[in-house]
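What's in final11.txt: compact mmCIF, C-alpha atoms and all ligand atoms
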```
# COMPACT_ATOMS: atom_id res chain seq x y z
CA MET A 1 -25.20 -104.58 29.28
CA ALA A 2 -27.31 -101.94 30.91
CA THR A 3 -30.46 -99.86 30.83
CA ILE A 4 -29.86 -96.26 29.75
CA LEU A 5 -32.45 -93.48 29.76
CA ALA A 6 -31.57 -90.48 27.57
CA LEU A 7 -33.08 -87.05 26.94
CA GLU A 8 -32.48 -84.86 23.89
CA THR A 9 -33.57 -81.21 24.06
CA SER A 10 -30.88 -79.38 22.11
CA CYS A 11 -33.19 -77.50 19.79
CA ASP A 12 -36.90 -77.83 19.03
CA GLU A 13 -37.56 -81.56 19.44
CA THR A 14 -38.18 -82.97 22.90
CA ALA A 15 -37.11 -86.61 22.98
CA VAL A 16 -36.73 -89.41 25.51
CA ALA A 17 -35.43 -92.91 24.79
CA ILE A 18 -34.64 -96.05 26.75
CA LEU A 19 -32.05 -98.55 25.59
CA ARG A 20 -32.04 -101.89 27.43
CA ASP A 21 -29.15 -104.26 26.77
CA GLY A 22 -28.64 -102.67 23.35
CA GLU A 23 -32.31 -102.91 22.42
CA LEU A 24 -34.34 -99.74 21.87
CA VAL A 25 -37.37 -100.32 24.11
CA ALA A 26 -38.77 -96.76 23.94
CA SER A 27 -38.16 -93.72 21.76
CA GLU A 28 -40.51 -90.79 22.17
CA VAL A 29 -40.22 -87.57 20.17
CA ALA A 30 -42.47 -84.49 20.48
CA SER A 31 -41.98 -82.15 17.56
CA GLN A 32 -42.46 -78.44 18.19
CA VAL A 33 -42.76 -77.55 14.50
CA ALA A 34 -46.30 -76.21 14.93
CA ALA A 35 -45.26 -73.98 17.86
CA HIS A 36 -42.49 -72.28 15.85
CA GLU A 37 -44.09 -72.24 12.40
CA LYS A 38 -45.82 -68.88 12.83
CA TYR A 39 -42.49 -67.22 13.72
CA GLY A 40 -40.70 -68.67 10.67
CA GLY A 41 -37.97 -70.24 12.79
CA VAL A 42 -37.14 -71.64 16.22
CA VAL A 43 -37.75 -69.17 19.08
CA PRO A 44 -35.52 -70.24 22.02
CA GLU A 45 -37.97 -69.07 24.71
CA VAL A 46 -40.84 -70.98 23.08
CA ALA A 47 -38.62 -74.07 22.67
CA SER A 48 -37.60 -74.23 26.33
CA ARG A 49 -41.17 -73.71 27.56
CA ASN A 50 -42.31 -76.55 25.32
CA HIS A 51 -39.49 -78.82 26.52
CA LEU A 52 -40.69 -78.20 30.09
CA VAL A 53 -44.22 -79.23 29.12
CA HIS A 54 -43.29 -82.26 27.00
CA ALA A 55 -40.30 -83.81 28.78
CA PRO A 56 -42.04 -85.11 31.94
CA ARG A 57 -44.90 -86.53 29.83
CA LEU A 58 -42.51 -88.26 27.40
CA LEU A 59 -40.51 -89.63 30.31
CA GLU A 60 -43.63 -91.32 31.70
CA HIS A 61 -44.62 -92.64 28.26
CA ALA A 62 -41.13 -94.03 27.68
CA LEU A 63 -41.10 -95.88 31.01
CA ASP A 64 -44.62 -97.23 30.31
CA ARG A 65 -43.67 -98.36 26.83
CA ALA A 66 -40.45 -99.99 28.05
CA LYS A 67 -42.42 -101.57 30.92
CA ILE A 68 -39.73 -100.71 33.41
CA ASP A 69 -39.57 -98.87 36.68
CA ILE A 70 -37.25 -95.89 36.95
CA ASP A 71 -35.24 -97.82 39.57
CA GLN A 72 -34.18 -100.26 36.85
CA VAL A 73 -32.36 -97.52 34.91
CA ASP A 74 -28.56 -97.88 35.30
CA ALA A 75 -27.57 -94.44 33.95
CA PHE A 76 -29.24 -91.19 32.91
CA ALA A 77 -27.94 -89.33 29.85
CA ALA A 78 -28.69 -86.02 28.14
CA THR A 79 -27.40 -83.93 25.28
CA SER A 80 -25.12 -81.31 26.84
CA GLY A 81 -24.32 -79.40 23.61
CA PRO A 82 -24.09 -77.97 21.05
CA GLY A 83 -27.51 -76.37 20.87
CA LEU A 84 -29.67 -73.65 22.39
CA ALA A 85 -28.62 -72.99 25.99
CA SER A 86 -32.15 -72.63 27.34
CA SER A 87 -33.20 -75.87 25.61
CA LEU A 88 -30.13 -77.95 26.54
CA MET A 89 -30.61 -76.92 30.15
CA ILE A 90 -34.00 -78.62 30.42
CA GLY A 91 -32.93 -82.13 29.33
CA ALA A 92 -29.61 -81.96 31.18
CA SER A 93 -31.24 -80.74 34.40
CA ILE A 94 -33.81 -83.55 34.32
CA ALA A 95 -31.16 -86.22 33.66
CA LYS A 96 -28.88 -84.85 36.40
CA GLY A 97 -31.80 -84.61 38.85
CA LEU A 98 -32.81 -88.22 38.18
CA ALA A 99 -29.19 -89.41 38.45
CA ILE A 100 -28.74 -87.66 41.80
CA ALA A 101 -32.12 -88.80 43.16
CA ARG A 102 -31.54 -92.44 42.16
CA GLY A 103 -27.82 -92.52 42.95
CA LYS A 104 -26.94 -93.49 39.37
CA PRO A 105 -24.33 -92.12 36.94
CA TYR A 106 -24.99 -89.14 34.68
CA LEU A 107 -23.66 -89.12 31.10
CA ALA A 108 -23.30 -85.82 29.18
CA ILE A 109 -23.46 -86.53 25.45
CA ASN A 110 -22.35 -84.37 22.52
CA HIS A 111 -25.28 -84.02 20.08
CA LEU A 112 -22.92 -84.36 17.11
CA GLU A 113 -21.50 -87.60 18.48
CA GLY A 114 -25.08 -88.86 18.77
CA HIS A 115 -25.62 -88.11 15.08
CA LEU A 116 -22.32 -89.54 13.84
CA LEU A 117 -22.73 -92.82 15.74
CA SER A 118 -26.38 -93.26 14.67
CA PRO A 119 -25.54 -95.25 11.49
CA PHE A 120 -23.95 -97.86 13.81
CA PHE A 121 -27.01 -98.06 16.06
CA GLY A 122 -27.03 -101.39 17.90
CA GLU A 123 -23.51 -102.36 16.81
CA ALA A 124 -20.57 -102.77 19.16
CA ASN A 125 -17.81 -102.32 16.60
CA ILE A 126 -17.35 -98.75 15.33
CA ARG A 127 -14.97 -99.04 12.37
CA PRO A 128 -12.91 -96.07 11.13
CA ASN A 129 -14.98 -94.01 8.71
CA VAL A 130 -15.53 -90.64 7.15
CA SER A 131 -18.75 -89.31 8.60
CA LEU A 132 -20.92 -86.58 7.13
CA ILE A 133 -23.34 -84.90 9.53
CA VAL A 134 -25.93 -82.91 7.61
CA SER A 135 -28.71 -81.35 9.62
CA GLY A 136 -30.52 -78.06 10.12
CA GLY A 137 -27.82 -76.79 12.44
CA HIS A 138 -24.69 -78.56 11.19
CA THR A 139 -22.82 -79.59 8.08
CA MET A 140 -19.57 -81.25 8.99
CA SER A 141 -17.34 -84.03 7.73
CA ILE A 142 -15.31 -85.93 10.30
CA PHE A 143 -12.65 -88.58 10.20
CA VAL A 144 -13.72 -91.08 12.86
CA ARG A 145 -10.79 -93.22 14.04
CA ALA A 146 -12.77 -94.77 16.91
CA VAL A 147 -15.46 -93.76 19.41
CA GLY A 148 -14.26 -90.49 20.95
CA ASP A 149 -11.38 -90.08 18.49
CA TYR A 150 -12.54 -87.54 15.92
CA GLU A 151 -10.84 -85.19 13.48
CA ILE A 152 -12.90 -82.47 11.80
CA VAL A 153 -12.25 -82.54 8.05
CA GLY A 154 -14.54 -79.73 6.96
CA ARG A 155 -17.54 -77.70 8.06
CA THR A 156 -19.86 -75.11 6.63
CA VAL A 157 -18.56 -71.56 6.62
CA ASP A 158 -22.11 -70.17 6.52
CA ASP A 159 -25.47 -72.00 6.34
CA ALA A 160 -25.93 -75.68 7.18
CA ALA A 161 -27.29 -77.85 4.34
CA GLY A 162 -30.64 -78.31 6.13
CA GLU A 163 -30.80 -74.57 6.80
CA ALA A 164 -30.34 -73.98 3.05
CA PHE A 165 -33.26 -76.36 2.34
CA ASP A 166 -35.35 -74.49 4.94
CA LYS A 167 -34.46 -71.02 3.62
CA VAL A 168 -35.00 -71.91 -0.04
CA ALA A 169 -38.33 -73.55 0.89
CA LYS A 170 -39.32 -70.29 2.55
CA LEU A 171 -38.39 -68.32 -0.61
CA LEU A 172 -40.63 -70.73 -2.55
CA GLY A 173 -43.51 -70.28 -0.09
CA LEU A 174 -43.20 -73.86 1.20
CA ASN A 175 -43.66 -74.98 4.80
CA TYR A 176 -41.02 -75.56 7.49
CA PRO A 177 -39.08 -77.87 7.65
CA GLY A 178 -38.21 -77.28 4.02
CA GLY A 179 -36.21 -80.44 3.29
CA PRO A 180 -39.12 -82.87 2.90
CA GLU A 181 -41.19 -80.22 1.04
CA ILE A 182 -38.42 -79.62 -1.51
CA GLU A 183 -37.68 -83.33 -1.88
CA LYS A 184 -41.36 -84.08 -2.63
CA ARG A 185 -41.54 -81.45 -5.41
CA ALA A 186 -38.08 -82.25 -6.79
CA ARG A 187 -39.27 -85.75 -7.76
CA ALA A 188 -41.31 -84.28 -10.62
CA GLY A 189 -38.70 -81.67 -11.57
CA ASP A 190 -35.86 -81.29 -14.06
CA ALA A 191 -32.61 -80.97 -12.07
CA LYS A 192 -30.76 -79.69 -15.15
CA ARG A 193 -33.09 -76.79 -15.96
CA PHE A 194 -31.30 -74.26 -13.73
CA ASP A 195 -27.54 -74.17 -13.43
CA LEU A 196 -27.00 -73.31 -9.75
CA PRO A 197 -23.56 -72.90 -8.13
CA ARG A 198 -21.56 -75.67 -6.45
CA SER A 199 -19.51 -73.54 -4.05
CA MET A 200 -15.91 -74.03 -2.92
CA PRO A 201 -15.20 -77.17 -4.98
CA ASP A 202 -11.55 -77.34 -3.95
CA SER A 203 -12.05 -76.81 -0.22
CA THR A 204 -12.86 -79.41 2.43
CA ASN A 205 -15.29 -76.82 3.86
CA PHE A 206 -18.85 -76.24 2.68
CA SER A 207 -20.79 -73.11 1.75
CA PHE A 208 -24.50 -72.92 0.93
CA SER A 209 -25.43 -69.27 1.30
CA GLY A 210 -24.35 -68.43 -2.29
CA LEU A 211 -26.63 -71.16 -3.58
CA LYS A 212 -29.54 -69.78 -1.58
CA THR A 213 -28.83 -66.27 -2.89
CA SER A 214 -28.73 -67.58 -6.47
CA VAL A 215 -32.21 -69.04 -6.00
CA ARG A 216 -33.38 -65.72 -4.54
CA TYR A 217 -32.19 -63.80 -7.63
CA LEU A 218 -33.50 -66.43 -10.02
CA LEU A 219 -37.09 -66.51 -8.74
CA PRO A 220 -38.28 -63.02 -9.86
CA LYS A 221 -37.16 -63.85 -13.42
CA LEU A 222 -39.32 -66.97 -13.68
CA ARG A 223 -42.80 -67.33 -15.15
CA GLY A 224 -45.14 -70.28 -15.50
CA ASN A 225 -44.42 -73.64 -13.93
CA TYR A 226 -41.04 -73.62 -12.30
CA LEU A 227 -41.48 -74.87 -8.73
CA ALA A 228 -40.56 -78.53 -9.31
CA ASP A 229 -37.58 -77.61 -11.53
CA VAL A 230 -36.20 -75.09 -8.99
CA CYS A 231 -36.59 -77.69 -6.22
CA ALA A 232 -34.85 -80.37 -8.29
CA SER A 233 -32.03 -78.07 -9.46
CA PHE A 234 -31.42 -76.75 -5.95
CA GLN A 235 -31.51 -80.20 -4.36
CA GLN A 236 -29.11 -81.52 -7.00
CA ALA A 237 -26.64 -78.69 -6.32
CA VAL A 238 -26.64 -79.51 -2.57
CA ILE A 239 -26.30 -83.26 -3.18
CA ASP A 240 -23.45 -82.86 -5.70
CA VAL A 241 -21.41 -80.85 -3.19
CA LEU A 242 -22.11 -83.21 -0.26
CA VAL A 243 -21.23 -86.32 -2.28
CA GLN A 244 -18.12 -84.90 -3.96
CA LYS A 245 -16.57 -83.55 -0.74
CA THR A 246 -17.37 -86.66 1.31
CA LEU A 247 -15.82 -88.99 -1.25
CA ALA A 248 -12.77 -86.71 -1.49
CA ALA A 249 -12.38 -86.98 2.31
CA ALA A 250 -12.79 -90.78 2.22
CA ARG A 251 -9.98 -90.98 -0.36
CA LYS A 252 -7.78 -88.59 1.60
CA TYR A 253 -8.14 -90.55 4.85
CA ASP A 254 -8.15 -93.86 3.00
CA VAL A 255 -11.19 -95.32 4.73
CA ASP A 256 -13.42 -97.95 3.14
CA LEU A 257 -16.48 -96.80 5.06
CA VAL A 258 -18.59 -93.64 4.67
CA THR A 259 -21.44 -92.78 7.04
CA ILE A 260 -24.11 -90.10 6.76
CA SER A 261 -26.39 -88.79 9.49
CA GLY A 262 -28.62 -85.85 10.45
CA GLY A 263 -31.96 -84.70 9.09
CA VAL A 264 -30.81 -84.10 5.50
CA SER A 265 -29.66 -87.73 5.29
CA CYS A 266 -33.40 -88.66 5.23
CA ASN A 267 -33.36 -87.35 1.66
CA GLU A 268 -33.81 -90.34 -0.65
CA ALA A 269 -32.17 -88.71 -3.70
CA PHE A 270 -29.14 -87.88 -1.56
CA ARG A 271 -28.95 -91.42 -0.17
CA GLN A 272 -29.14 -92.90 -3.64
CA GLN A 273 -26.51 -90.63 -5.17
CA MET A 274 -24.17 -91.19 -2.21
CA ALA A 275 -24.72 -94.96 -2.45
CA ARG A 276 -23.87 -94.93 -6.18
CA ALA A 277 -20.75 -92.81 -5.63
CA CYS A 278 -19.54 -95.05 -2.78
CA ALA A 279 -20.19 -98.22 -4.80
CA LYS A 280 -18.25 -96.77 -7.74
CA ASP A 281 -15.36 -95.97 -5.39
CA ARG A 282 -15.59 -99.42 -3.74
CA ARG A 283 -16.47 -97.98 -0.37
CA GLU A 284 -19.28 -99.05 1.92
CA LEU A 285 -22.03 -96.57 2.82
CA LYS A 286 -23.76 -96.83 6.18
CA THR A 287 -26.90 -94.82 6.85
CA ALA A 288 -29.27 -94.65 9.81
CA PRO A 289 -33.01 -95.33 9.44
CA PRO A 290 -34.89 -92.02 8.90
CA SER A 291 -36.28 -92.10 12.48
CA LEU A 292 -32.67 -91.85 13.73
CA CYS A 293 -31.65 -89.15 11.22
CA THR A 294 -33.71 -86.27 12.54
CA ASP A 295 -33.20 -85.30 16.18
CA ASN A 296 -34.05 -88.12 18.58
CA ALA A 297 -32.98 -89.45 21.97
CA ALA A 298 -32.23 -93.00 20.77
CA MET A 299 -28.95 -91.82 19.24
CA ILE A 300 -28.06 -90.10 22.52
CA ALA A 301 -28.87 -93.28 24.46
CA PHE A 302 -26.70 -95.29 22.05
CA ALA A 303 -23.71 -92.92 22.42
CA ALA A 304 -24.25 -93.02 26.21
CA ALA A 305 -24.37 -96.83 26.23
CA LEU A 306 -20.98 -96.96 24.48
CA GLN A 307 -19.52 -94.62 27.11
CA PHE A 308 -21.16 -96.50 29.97
CA ALA A 309 -19.73 -99.78 28.64
CA LYS A 310 -16.25 -98.22 28.85
CA GLY A 311 -16.93 -97.28 32.48
CA SER A 312 -16.95 -93.52 31.90
CA ALA A 313 -19.44 -91.14 33.50
CA SER A 314 -19.80 -87.36 33.69
CA SER A 315 -19.91 -85.17 36.76
CA VAL A 316 -23.30 -83.71 37.60
CA GLN A 317 -21.36 -80.44 37.97
CA GLU A 318 -20.69 -80.53 34.21
CA GLU A 319 -22.37 -77.53 32.61
CA ILE A 320 -24.21 -77.57 29.32
CA ASP A 321 -22.21 -75.93 26.52
CA PRO A 322 -24.10 -74.35 23.58
CA ASN A 323 -20.85 -74.38 21.55
CA LEU A 324 -19.61 -77.80 22.64
CA ALA A 325 -16.94 -78.95 20.19
CA LEU A 326 -16.61 -82.48 18.87
CA ALA A 327 -12.84 -82.40 18.52
O1 LIG B 1 -31.13 -83.43 12.45
P1 LIG B 1 -32.29 -82.48 12.44
O2 LIG B 1 -33.62 -82.98 12.90
O3 LIG B 1 -32.02 -81.23 13.34
C1 LIG B 1 -30.83 -80.61 13.58
O4 LIG B 1 -30.01 -81.13 14.41
O5 LIG B 1 -30.64 -79.54 12.95
O6 LIG B 1 -32.37 -81.89 10.97
C2 LIG B 1 -33.43 -81.07 10.56
C3 LIG B 1 -33.09 -80.57 9.17
C4 LIG B 1 -34.04 -79.50 8.63
O7 LIG B 1 -33.28 -78.44 8.12
C5 LIG B 1 -34.80 -80.23 7.53
O8 LIG B 1 -35.22 -79.38 6.48
C6 LIG B 1 -33.78 -81.24 7.06
O9 LIG B 1 -33.11 -81.66 8.22
N1 LIG B 1 -34.42 -82.38 6.40
C7 LIG B 1 -34.27 -82.67 5.09
C8 LIG B 1 -35.11 -83.78 4.83
N2 LIG B 1 -35.73 -84.14 6.00
C9 LIG B 1 -35.29 -83.27 6.95
N3 LIG B 1 -33.53 -82.10 4.14
C10 LIG B 1 -33.60 -82.63 2.89
N4 LIG B 1 -34.40 -83.66 2.56
C11 LIG B 1 -35.16 -84.28 3.49
N5 LIG B 1 -35.94 -85.29 3.16
ZN ZN B 2 -29.32 -82.71 15.22
```
Can you give me the file's structure in the form of structure tokens?
Ligand code: KG4
Ligand code: ZN
Amino acid sequence: MATILALETSCDETAVAILRDGELVASEVASQVAAHEKYGGVVPEVASRNHLVHAPRLLEHALDRAKIDIDQVDAFAATSGPGLASSLMIGASIAKGLAIARGKPYLAINHLEGHLLSPFFGEANIRPNVSLIVSGGHTMSIFVRAVGDYEIVGRTVDDAAGEAFDKVAKLLGLNYPGGPEIEKRARAGDAKRFDLPRSMPDSTNFSFSGLKTSVRYLLPKLRGNYLADVCASFQQAVIDVLVQKTLAAARKYDVDLVTISGGVSCNEAFRQQMARACAKDRRELKTAPPSLCTDNAAMIAFAAALQFAKGSASSVQEEIDPNLALA
């Protein structure tokens, strides 16, 4: 067992977490939503400047909260990709600097591995599973044989599922991030009112840009009260595709476990429909708590702890990689 300090700065959340002997003793996240809202999306320059402001402060808070001294940290970890280069650089540079200064190992962690392991948070045994990562930047299904042994089953050919939520929310005049805004309104809506496309049903890959375009063409034709019904119909179209393709992958790879992670897996309607589909198929569904679904450093610390336990460490010469692949 060990004490791991991890930083996550791959996009627009600055996060620091400390994991001590498998227990999460600090997890700090500073959202930059307000800083990017006026631009309608994440501005890399603004994100990296904000990481520089927030990271040292969060680091101090995390150590205070964990009631430990930095000398008690056994390894320093950071997300090294995929993500925005100028954002990744901040967290990785801080972790490397601390590792060098304290003479401790540095662990470079793949952001996607952080997400896909998050449903197992705190567990030592990672069973084979089909994992669906659904976030603002990624939509990917993966056959997980073991930690570090991954096979990509399918990925989006255009927008990520979360990106589709964000873009449709924007079309509807809702705030960023769009997922929670759409979910809230969908609760009162009729998901059957609008027949929106479920793209590429026979492929293992995903596509959401056609769905977004369908909403764009639908909106000018509507009058009266339609917001809740559009939200519900859109959300249902995304969920149907995610559930159908994930279950198809679970059957293909013959695994009895399905896991979901990433920001979109906060969506309660999605969780429920996936849980029903898995139960019907006699497969177990594992989800992470919502605080571990959106970007956070606890999942990075957990992935790092698994690596550290195996005795592996990264070189401080290892560069960040905005396009870092999972497999
Ligand atoms: O994992 P995450 O924080 O960041 C990335 O790595 O991209 O995911 C953020 C994404 C956003 O697109 C947001 O709209 C979506 O997750 N999201 C949701 C919900 N909560 C967050 N989408 C649907 N329903 C939600 N409740
Ligand atoms: Zn993420």
message = Could you list, as a list in words, all protein and nucleic acid residues with an atom at most 9 Å from ligand ZN 2 (chain B), counting all atoms listed in the file?
response =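 Those residues are Ser10, Cys11, Gly83, His111, Leu112, Gly114, His115, Ile133, Val134, Ser135, Gly136, Gly137, His138, Ser261, Gly262, Gly263, Cys293, Thr294, Asp295 and Asn296 of chain A.
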query = Phe308 of chain A: which residues within 9 Å, counting only C-alpha atoms, same-chain residues fewer than 4 positions away excluded, as number ranges by chain?
reply = A: 2, 4, 75, 105, 107, 303-304, 312-313
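Put simply, atom CA of Glu45 of chain A is 16.7 Å away from atom CA of Ala92 of chain A.
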key: Among the residues A:Phe120, A:Thr9, A:Leu59, A:Val258, the one that comes closest to Phe302 of chain A [using all atoms listed in the file]   =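 Among the listed residues, the smallest separation from Phe302 of chain A belongs to A:Phe120.
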message = So that I can check the surroundings of Leu24 of chain A, please list as a ChimeraX atom specification every protein, DNA and RNA residue that reaches within 10 Å of it, counting only C-alpha atoms and ignoring chain neighbours fewer than 5 positions away.
response = /A:3-4,17-19,66,121-122,298-299,301-302
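Remark: for ligand LIG 1 (chain B), the closest of the candidate residues A:Val144, A:Ala325, A:Ala124, A:Val29 is A:Val29 (distances computed over only C-alpha atoms and all ligand atoms).
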Save segment 97-107 of chain A to disk from that block, all heavy atoms included, as a PDB file, in the first residue's frame.
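Below you can see result.pdb, which holds the result:
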```pdb
ATOM      1  N   GLY A  97       7.937  17.651 -11.533  1.00  0.00           N
ATOM      2  CA  GLY A  97       8.759  18.524 -10.683  1.00  0.00           C
ATOM      3  C   GLY A  97       8.770  18.027  -9.248  1.00  0.00           C
ATOM      4  O   GLY A  97       9.832  17.952  -8.606  1.00  0.00           O
ATOM      5  N   LEU A  98       7.590  17.650  -8.741  1.00  0.00           N
ATOM      6  CA  LEU A  98       7.504  17.156  -7.359  1.00  0.00           C
ATOM      7  C   LEU A  98       8.259  15.832  -7.217  1.00  0.00           C
ATOM      8  O   LEU A  98       8.955  15.605  -6.224  1.00  0.00           O
ATOM      9  CB  LEU A  98       6.032  16.971  -6.952  1.00  0.00           C
ATOM     10  CG  LEU A  98       5.239  18.271  -6.740  1.00  0.00           C
ATOM     11  CD1 LEU A  98       3.742  17.979  -6.610  1.00  0.00           C
ATOM     12  CD2 LEU A  98       5.751  19.003  -5.497  1.00  0.00           C
ATOM     13  N   ALA A  99       8.097  14.958  -8.224  1.00  0.00           N
ATOM     14  CA  ALA A  99       8.765  13.649  -8.178  1.00  0.00           C
ATOM     15  C   ALA A  99      10.287  13.841  -8.147  1.00  0.00           C
ATOM     16  O   ALA A  99      10.989  13.193  -7.351  1.00  0.00           O
ATOM     17  CB  ALA A  99       8.349  12.803  -9.374  1.00  0.00           C
ATOM     18  N   ILE A 100      10.782  14.743  -8.993  1.00  0.00           N
ATOM     19  CA  ILE A 100      12.235  14.976  -9.037  1.00  0.00           C
ATOM     20  C   ILE A 100      12.706  15.593  -7.709  1.00  0.00           C
ATOM     21  O   ILE A 100      13.666  15.137  -7.103  1.00  0.00           O
ATOM     22  CB  ILE A 100      12.600  15.902 -10.229  1.00  0.00           C
ATOM     23  CG1 ILE A 100      12.318  15.170 -11.551  1.00  0.00           C
ATOM     24  CG2 ILE A 100      14.064  16.334 -10.153  1.00  0.00           C
ATOM     25  CD1 ILE A 100      12.360  16.076 -12.779  1.00  0.00           C
ATOM     26  N   ALA A 101      11.967  16.609  -7.245  1.00  0.00           N
ATOM     27  CA  ALA A 101      12.380  17.317  -6.031  1.00  0.00           C
ATOM     28  C   ALA A 101      12.382  16.400  -4.814  1.00  0.00           C
ATOM     29  O   ALA A 101      13.220  16.538  -3.924  1.00  0.00           O
ATOM     30  CB  ALA A 101      11.451  18.513  -5.797  1.00  0.00           C
ATOM     31  N   ARG A 102      11.412  15.467  -4.766  1.00  0.00           N
ATOM     32  CA  ARG A 102      11.294  14.595  -3.579  1.00  0.00           C
ATOM     33  C   ARG A 102      11.968  13.243  -3.779  1.00  0.00           C
ATOM     34  O   ARG A 102      11.908  12.390  -2.895  1.00  0.00           O
ATOM     35  CB  ARG A 102       9.811  14.357  -3.243  1.00  0.00           C
ATOM     36  CG  ARG A 102       9.013  15.617  -3.046  1.00  0.00           C
ATOM     37  CD  ARG A 102       9.266  16.229  -1.681  1.00  0.00           C
ATOM     38  NE  ARG A 102       9.090  17.672  -1.757  1.00  0.00           N
ATOM     39  CZ  ARG A 102       9.230  18.504  -0.753  1.00  0.00           C
ATOM     40  NH1 ARG A 102       9.564  18.046   0.433  1.00  0.00           N
ATOM     41  NH2 ARG A 102       9.064  19.794  -0.912  1.00  0.00           N
ATOM     42  N   GLY A 103      12.527  13.021  -4.968  1.00  0.00           N
ATOM     43  CA  GLY A 103      13.184  11.740  -5.238  1.00  0.00           C
ATOM     44  C   GLY A 103      12.223  10.571  -5.235  1.00  0.00           C
ATOM     45  O   GLY A 103      12.553   9.477  -4.771  1.00  0.00           O
ATOM     46  N   LYS A 104      11.006  10.793  -5.744  1.00  0.00           N
ATOM     47  CA  LYS A 104       9.979   9.740  -5.767  1.00  0.00           C
ATOM     48  C   LYS A 104       9.594   9.423  -7.214  1.00  0.00           C
ATOM     49  O   LYS A 104       9.841  10.220  -8.123  1.00  0.00           O
ATOM     50  CB  LYS A 104       8.726  10.215  -4.994  1.00  0.00           C
ATOM     51  CG  LYS A 104       8.974  10.501  -3.525  1.00  0.00           C
ATOM     52  CD  LYS A 104       9.103   9.234  -2.714  1.00  0.00           C
ATOM     53  CE  LYS A 104       9.611   9.466  -1.301  1.00  0.00           C
ATOM     54  NZ  LYS A 104       8.758  10.287  -0.461  1.00  0.00           N
ATOM     55  N   PRO A 105       8.978   8.267  -7.452  1.00  0.00           N
ATOM     56  CA  PRO A 105       8.603   7.928  -8.830  1.00  0.00           C
ATOM     57  C   PRO A 105       7.507   8.846  -9.397  1.00  0.00           C
ATOM     58  O   PRO A 105       6.694   9.386  -8.642  1.00  0.00           O
ATOM     59  CB  PRO A 105       8.057   6.495  -8.725  1.00  0.00           C
ATOM     60  CG  PRO A 105       8.350   6.020  -7.361  1.00  0.00           C
ATOM     61  CD  PRO A 105       8.632   7.199  -6.500  1.00  0.00           C
ATOM     62  N   TYR A 106       7.549   8.949 -10.744  1.00  0.00           N
ATOM     63  CA  TYR A 106       6.514   9.663 -11.483  1.00  0.00           C
ATOM     64  C   TYR A 106       5.723   8.635 -12.286  1.00  0.00           C
ATOM     65  O   TYR A 106       6.300   7.711 -12.858  1.00  0.00           O
ATOM     66  CB  TYR A 106       7.156  10.697 -12.427  1.00  0.00           C
ATOM     67  CG  TYR A 106       6.235  11.237 -13.494  1.00  0.00           C
ATOM     68  CD1 TYR A 106       5.125  12.005 -13.149  1.00  0.00           C
ATOM     69  CD2 TYR A 106       6.468  10.975 -14.855  1.00  0.00           C
ATOM     70  CE1 TYR A 106       4.268  12.484 -14.132  1.00  0.00           C
ATOM     71  CE2 TYR A 106       5.613  11.462 -15.834  1.00  0.00           C
ATOM     72  CZ  TYR A 106       4.516  12.210 -15.468  1.00  0.00           C
ATOM     73  OH  TYR A 106       3.662  12.678 -16.438  1.00  0.00           O
ATOM     74  N   LEU A 107       4.387   8.789 -12.305  1.00  0.00           N
ATOM     75  CA  LEU A 107       3.537   7.865 -13.058  1.00  0.00           C
ATOM     76  C   LEU A 107       2.694   8.652 -14.054  1.00  0.00           C
ATOM     77  O   LEU A 107       1.899   9.515 -13.663  1.00  0.00           O
ATOM     78  CB  LEU A 107       2.624   7.093 -12.097  1.00  0.00           C
ATOM     79  CG  LEU A 107       3.358   6.139 -11.146  1.00  0.00           C
ATOM     80  CD1 LEU A 107       2.589   5.963  -9.849  1.00  0.00           C
ATOM     81  CD2 LEU A 107       3.589   4.800 -11.811  1.00  0.00           C
TER      82      LEU A 107
END
```
